[in-house]
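A.B. asks: Here's a structure for you.
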Protein chains: 2
Amino acid sequence: LQKIVECVPNFSEGRRKNVVDEIAKEIESTKDAKLLDIQMDKDHNRSVITFIGTPQAVEKAAFKAAKKATELIDLRKHKGEHPRIGATDVIPFVPISSITMDECVVIAKQLGKEIAEKLKIPIYLYEAAATRPDRANLADIRKGEFEGLSKEIGKNPDRKPDFGEAKIHPSAGATVVGAREPLIAYNINLGTNNLEIAKKIATVIRHKDGGFRYVKALGFEIKERGIVQVSMNLVNYKRSPIFRVFEMVRLEAERYGVPIIGSEIVGLTPLDALIDTADYYLRLENFNKSQIMETRLWE
Amino acid sequence: LQKIVECVPNFSEGRRKNVVDEIAKEIESTKDAKLLDIQMDKDHNRSVITFIGTPQAVEKAAFKAAKKATELIDLRKHKGEHPRIGATDVIPFVPISSITMDECVVIAKQLGKEIAEKLKIPIYLYEAAATRPDRANLADIRKGEFEGLSKEIGKNPDRKPDFGEAKIHPSAGATVVGAREPLIAYNINLGTNNLEIAKKIATVIRHKDGGFRYVKALGFEIKERGIVQVSMNLVNYKRSPIFRVFEMVRLEAERYGVPIIGSEIVGLTPLDALIDTADYYLRLENFNKSQIMETRLWE
């Protein structure tokens with residue numbers, strides 16, 4: 001089956017639509033890459049572009065987009081609420097279908113090397129691609145932002161980039177490249193208006209307080225429906241899967257006599273998260289994804 | 001999202017591999033059609049070829065395959081256990097993704113007309129494409145087989161074809177074209193070696209004895225595992241869905257204190273059958289298939 005990778009680059013431009021469009025055009029014009037979404041945020045002055053494709057295509061599209069951003073964005077003139085160190089601030093690669101995290105790390109490293117060599121932008125590798133534990137976390141790499149990093153990069157050996165010289169790009173700054181699991185935004189609606197119950201369940205389910213390792217959760221009120229919601233980010237659906245989270249929330253809600261009245265996947269999900277769910281509930285034996293007719297079109 | 005149709009033509013040749021290969025080659029060489037499976041049966045002297053693709057592609061590939069079969073298969077020399085009236089015996093179109101049954105009926109009628117006009121083969125429309133209730137059922141159309149139909153077709157007005165003259169093609173006979181729902185072969189394994197329990201559950205679940213309208217079921221022993229199985233054909237997974245069948249079997253087995261220890265989908269399934277299952281168990285609200293990243297590659 002075809003290997004499919006997602007790429008979600010963040011660019012430090014959320015106001016000039018023509019600039020973001022020109023960057024997106026670089027992705028759209030790449031064969032075997034498919035643009036899925038563009039989010040522009042004026043306050044953050046930042047854009048998030050989502051696209052998928054074959055490993056070769058996403059690497060190529062990401063390079064072309066970073067090159068265009070380098071031409072069009074000048075960080076010396078950039079202001080926004082969101083922390084940033086580069087015109088192309090961060091480029092994560094995400095395994096979606098028939099591809100491992102290790103393969104995505106390889107793509108990240110190849111792209112990082114190419115950007116450093118051809119665009120003269122220092123590159124830091126993060127998350128699954130990190131070469132040092134203190135670079136796993138994006139926030140740590142971004143400390144001091146563009147302005148702080150510009151001063152420190154040549155002096156502090158801790159800030160030496162993974163690719164390229166220890167010298168900031170004057171207008172484009174530095175870029176963080178890496179690989180991470182897909183994120184699924186998932187909400188479960190409860191048949192009660194008692195916010196305390198949603199909050200208690202969120203506490204039980206989330207990593208921070210002893211719950212599932214790859215789940216972040218909060219309790220919210222949905223006033224217009226007179227119900228409450230456990231709102232979650234599933235940051236590794238393979239290890240803390242959606243069906244197990246659902247069943248745990250169901251059990252905890254039962255303890256208060258409250259039913260689950262529905263759930264929602266917000267935005268995009270990899271197909272595997274749904275196949276795994278059907279597989280779990282139907283107790284499937286030896287099911288193979290290539291038994292799904294549509295997947296054969298990706299061969 | 002891309003419209004995807006399955007086509008499962010049956011040809012009256014199950015022994016000469018080179019003939020079946022030449023027919024398959026016509027499908028493989030059609031742009032936007034994808035060959036999934038070839039089953040040759042020597043005793044039946046019959047082959048079943050499965051392929052999918054865009055509506056235009058499957059129609060074109062089916063015509064090319066029927067044309068090749070007309071050139072290579074002579075029914076006057078054909079013997080086999082399976083009833084047949086044509087070299088290309090039956091061509092069903094099956095809606096798989098983002099397409100309605102009515103659209104598949106249109107494809108069937110277009111193809112039927114083209115085969116009748118260009119290949120001079122009389123065409124009967126069946127199942128969802130049938131123009132008369134007595135032609136819904138394939139077995140009724142095939143009554144008397146090639147030899148019987150050859151004698152009757154010009155004399156009995158009941159056997160007048162839907163397309164083409166009331167005159168058998170001397171070597172290729174007649175062809176049945178139509179549209180039907182996908183078939184899912186689905187088995188549920190029970191944690192007991194008591195065959196009677198599997199048989200009782202099969203009786204409860206199947207259409208014939210008062211169960212789900214689109215379910216056929218039998219009870220079997222799986223001797224090597226020391227268990228029994230409810231073996232089913234789901235002939236309309238939208239109206240008698242896999243998850244509801246699973247839950248009904250689970251309830252009935254519980255009545256005997258027997259658990260479901262696993263289930264299996266045999267062969268191919270449309271993706272929608274699995275998405276519907278995940279949607280049901282997670283109680284999803286407003287889920288749209290285009291939220292699945294991979295489906296965006298079919299746009």
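By convention here, the chains of the structure tokens are called A, B, ... in the order presented, each chain's residues are numbered starting at 1, and ligands are numbered starting at 1 in the order presented.
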When DSSP is applied to the backbone of this structure, which of range 50-137 of chain B are assigned alpha helix (DSSP H)? Write them out as number ranges by chain.
C.D. replies: B: 55-72, 101-119
A.B. asks: Put those residues in a file: N, CA and C atoms, as a compact mmCIF listing (two decimals), in the first residue's frame.
C.D. replies:
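Generated file (out-v3.txt):
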# COMPACT_ATOMS: atom_id res chain seq x y z
N PRO B 55 -16.38 5.61 -12.45
CA PRO B 55 -17.51 5.11 -13.25
C PRO B 55 -17.14 4.94 -14.73
N GLN B 56 -16.49 5.94 -15.32
CA GLN B 56 -16.12 5.86 -16.73
C GLN B 56 -15.16 4.70 -16.96
N ALA B 57 -14.20 4.54 -16.07
CA ALA B 57 -13.17 3.52 -16.25
C ALA B 57 -13.75 2.11 -16.15
N VAL B 58 -14.61 1.86 -15.17
CA VAL B 58 -15.15 0.50 -15.04
C VAL B 58 -16.04 0.14 -16.21
N GLU B 59 -16.79 1.12 -16.71
CA GLU B 59 -17.65 0.84 -17.87
C GLU B 59 -16.79 0.48 -19.08
N LYS B 60 -15.75 1.27 -19.29
CA LYS B 60 -14.86 1.03 -20.43
C LYS B 60 -14.15 -0.32 -20.30
N ALA B 61 -13.61 -0.60 -19.11
CA ALA B 61 -12.88 -1.85 -18.89
C ALA B 61 -13.81 -3.05 -19.06
N ALA B 62 -15.04 -2.92 -18.58
CA ALA B 62 -16.00 -4.03 -18.71
C ALA B 62 -16.32 -4.30 -20.18
N PHE B 63 -16.45 -3.24 -20.96
CA PHE B 63 -16.72 -3.45 -22.39
C PHE B 63 -15.54 -4.16 -23.07
N LYS B 64 -14.32 -3.65 -22.79
CA LYS B 64 -13.13 -4.25 -23.41
C LYS B 64 -13.01 -5.73 -23.03
N ALA B 65 -13.30 -6.05 -21.76
CA ALA B 65 -13.20 -7.43 -21.30
C ALA B 65 -14.25 -8.31 -21.99
N ALA B 66 -15.46 -7.79 -22.12
CA ALA B 66 -16.54 -8.55 -22.77
C ALA B 66 -16.22 -8.78 -24.25
N LYS B 67 -15.62 -7.78 -24.88
CA LYS B 67 -15.24 -7.90 -26.29
C LYS B 67 -14.19 -9.01 -26.45
N LYS B 68 -13.20 -8.99 -25.57
CA LYS B 68 -12.14 -10.01 -25.64
C LYS B 68 -12.73 -11.40 -25.38
N ALA B 69 -13.64 -11.52 -24.41
CA ALA B 69 -14.25 -12.82 -24.10
C ALA B 69 -15.05 -13.33 -25.29
N THR B 70 -15.68 -12.41 -26.00
CA THR B 70 -16.46 -12.78 -27.20
C THR B 70 -15.54 -13.38 -28.27
N GLU B 71 -14.33 -12.84 -28.36
CA GLU B 71 -13.37 -13.34 -29.35
C GLU B 71 -12.81 -14.70 -28.97
N LEU B 72 -12.63 -14.93 -27.65
CA LEU B 72 -11.84 -16.09 -27.20
C LEU B 72 -12.66 -17.27 -26.66
N MET B 101 -26.74 3.72 -5.98
CA MET B 101 -27.15 2.56 -6.76
C MET B 101 -27.72 3.00 -8.11
N ASP B 102 -28.48 4.10 -8.10
CA ASP B 102 -29.07 4.61 -9.35
C ASP B 102 -27.98 4.94 -10.38
N GLU B 103 -26.87 5.48 -9.92
CA GLU B 103 -25.78 5.79 -10.85
C GLU B 103 -25.18 4.51 -11.42
N CYS B 104 -25.14 3.46 -10.61
CA CYS B 104 -24.63 2.18 -11.11
C CYS B 104 -25.60 1.56 -12.11
N VAL B 105 -26.89 1.78 -11.90
CA VAL B 105 -27.89 1.29 -12.87
C VAL B 105 -27.67 1.98 -14.22
N VAL B 106 -27.38 3.27 -14.17
CA VAL B 106 -27.12 4.01 -15.42
C VAL B 106 -25.91 3.41 -16.15
N ILE B 107 -24.85 3.11 -15.41
CA ILE B 107 -23.66 2.50 -16.02
C ILE B 107 -24.03 1.16 -16.65
N ALA B 108 -24.81 0.35 -15.92
CA ALA B 108 -25.20 -0.98 -16.42
C ALA B 108 -25.98 -0.85 -17.72
N LYS B 109 -26.89 0.11 -17.77
CA LYS B 109 -27.71 0.26 -18.98
C LYS B 109 -26.87 0.76 -20.16
N GLN B 110 -25.98 1.69 -19.89
CA GLN B 110 -25.09 2.19 -20.97
C GLN B 110 -24.25 1.05 -21.54
N LEU B 111 -23.67 0.27 -20.62
CA LEU B 111 -22.82 -0.84 -21.06
C LEU B 111 -23.65 -1.87 -21.82
N GLY B 112 -24.83 -2.19 -21.30
CA GLY B 112 -25.69 -3.18 -21.95
C GLY B 112 -26.00 -2.77 -23.38
N LYS B 113 -26.33 -1.50 -23.55
CA LYS B 113 -26.66 -0.97 -24.88
C LYS B 113 -25.44 -1.09 -25.80
N GLU B 114 -24.28 -0.74 -25.29
CA GLU B 114 -23.06 -0.76 -26.11
C GLU B 114 -22.70 -2.18 -26.53
N ILE B 115 -22.79 -3.13 -25.59
CA ILE B 115 -22.48 -4.53 -25.93
C ILE B 115 -23.46 -5.05 -26.98
N ALA B 116 -24.75 -4.73 -26.80
CA ALA B 116 -25.76 -5.20 -27.75
C ALA B 116 -25.48 -4.64 -29.14
N GLU B 117 -25.17 -3.35 -29.21
CA GLU B 117 -24.97 -2.71 -30.52
C GLU B 117 -23.67 -3.14 -31.19
N LYS B 118 -22.58 -3.12 -30.43
CA LYS B 118 -21.27 -3.34 -31.05
C LYS B 118 -20.89 -4.81 -31.15
N LEU B 119 -21.33 -5.61 -30.18
CA LEU B 119 -20.91 -7.02 -30.19
C LEU B 119 -22.05 -7.96 -30.63
A.B. asks: With only C-alpha atoms considered, list every residue of chain B at most 9 Å from chain A, as a VMD selection string.
C.D. replies: chain B and resid 4 6 32 to 34 36 52 to 53 96 to 97 188 242 to 243 246 to 247 260 to 271 274 to 279 281 to 287 290 to 298
A.B. asks: When you look at range 228-231 of chain B with a cut-off of 12 Å (counting only C-alpha atoms), what residues show up, excluding the ones that are within fewer than 2 positions of it in the same chain? I need them as a PyMOL selection string.
C.D. replies: chain B and resi 184-206+215-226+233-234+245-246+248-250+252-253+258-266
A.B. asks: Apply DSSP to the backbone of this structure and, from range 15-224 of chain B, keep only the residues in strand (DSSP E); write these as an MDAnalysis selection string.
C.D. replies: chainID B and resid 33:41 46:53 88:97 123:127 175:179 184:190 215:222
A.B. asks: Would you list the contacts of range 142-150 of chain B as an NGL selection string, taking every protein, DNA or RNA residue within 10 Å and counting only C-alpha atoms, but skipping same-chain residues closer than 4 positions in sequence?
C.D. replies: :B and (75-76 or 78 or 82-87 or 89-90 or 124 or 135 or 137-138 or 154-156 or 159 or 166-176)
A.B. asks: Let's have the selection written as an mmCIF file, in the first residue's frame, with C-alpha atoms.
C.D. replies:
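See part_8.cif below for the written result:
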data_model
loop_
_atom_site.group_PDB
_atom_site.id
_atom_site.type_symbol
_atom_site.label_atom_id
_atom_site.label_comp_id
_atom_site.auth_asym_id
_atom_site.auth_seq_id
_atom_site.Cartn_x
_atom_site.Cartn_y
_atom_site.Cartn_z
ATOM 1 C CA LEU B 75 -20.032 -21.487 -25.599
ATOM 2 C CA ARG B 76 -20.842 -24.281 -28.057
ATOM 3 C CA HIS B 78 -18.158 -25.053 -23.107
ATOM 4 C CA HIS B 82 -22.123 -23.709 -13.127
ATOM 5 C CA PRO B 83 -25.194 -22.497 -15.035
ATOM 6 C CA ARG B 84 -24.371 -19.942 -17.767
ATOM 7 C CA ILE B 85 -25.906 -18.267 -20.802
ATOM 8 C CA GLY B 86 -22.932 -16.317 -22.132
ATOM 9 C CA ALA B 87 -19.170 -16.175 -22.712
ATOM 10 C CA ASP B 89 -22.107 -14.486 -18.379
ATOM 11 C CA VAL B 90 -22.927 -11.710 -15.921
ATOM 12 C CA TYR B 124 -30.742 -8.858 -19.975
ATOM 13 C CA ARG B 135 -35.745 -10.372 -14.141
ATOM 14 C CA ASN B 137 -33.302 -12.696 -9.977
ATOM 15 C CA LEU B 138 -30.292 -13.903 -11.973
ATOM 16 C CA GLY B 154 -36.810 -15.854 -30.813
ATOM 17 C CA LYS B 155 -40.128 -17.484 -29.973
ATOM 18 C CA ASN B 156 -41.040 -16.677 -26.368
ATOM 19 C CA ARG B 159 -37.389 -13.907 -23.119
ATOM 20 C CA ALA B 166 -34.097 -11.495 -29.870
ATOM 21 C CA LYS B 167 -31.370 -13.598 -31.411
ATOM 22 C CA ILE B 168 -28.604 -15.471 -29.590
ATOM 23 C CA HIS B 169 -24.955 -14.686 -30.435
ATOM 24 C CA PRO B 170 -23.782 -17.982 -32.002
ATOM 25 C CA SER B 171 -20.631 -18.391 -29.906
ATOM 26 C CA ALA B 172 -20.984 -15.821 -27.076
ATOM 27 C CA GLY B 173 -24.634 -16.439 -26.161
ATOM 28 C CA ALA B 174 -26.269 -13.681 -24.118
ATOM 29 C CA THR B 175 -25.080 -11.517 -21.211
ATOM 30 C CA VAL B 176 -26.752 -10.384 -17.998
#
A.B. asks: To one decimal place, how far is CA of Lys42 in chain A from CA of Gly80 in chain A in Å?
C.D. replies: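 Spanning CA of Lys42 in chain A to CA of Gly80 in chain A is a straight-line distance of 8.0 Å.
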A.B. asks: If you measure from CA of Lys77 in chain A to CA of Arg16 in chain A, what distance in Å do you get, rounded to one decimal?
C.D. replies: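 Interatomic distance here is 12.9 Å.
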A.B. asks: Give me, please, the distance in Å between CA of Asp37 in chain A and CA of Gly178 in chain A, quoted to one decimal.
C.D. replies: 19.8 Å
A.B. asks: Rank nothing, just name the residue among A:Pro9, A:Thr54, A:Ile121, A:Glu26 nearest to Ile38 in chain A, using only C-alpha atoms.
C.D. replies: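 The closest residue to Ile38 in chain A is A:Pro9.
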A.B. asks: Measuring atom to atom with only C-alpha atoms, identify which of A:Ile49, A:Ala128, A:Asp158, A:Lys3 is nearest to Ala24 in chain A.
C.D. replies: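 The answer is A:Ile49, which sits nearest to Ala24 in chain A.
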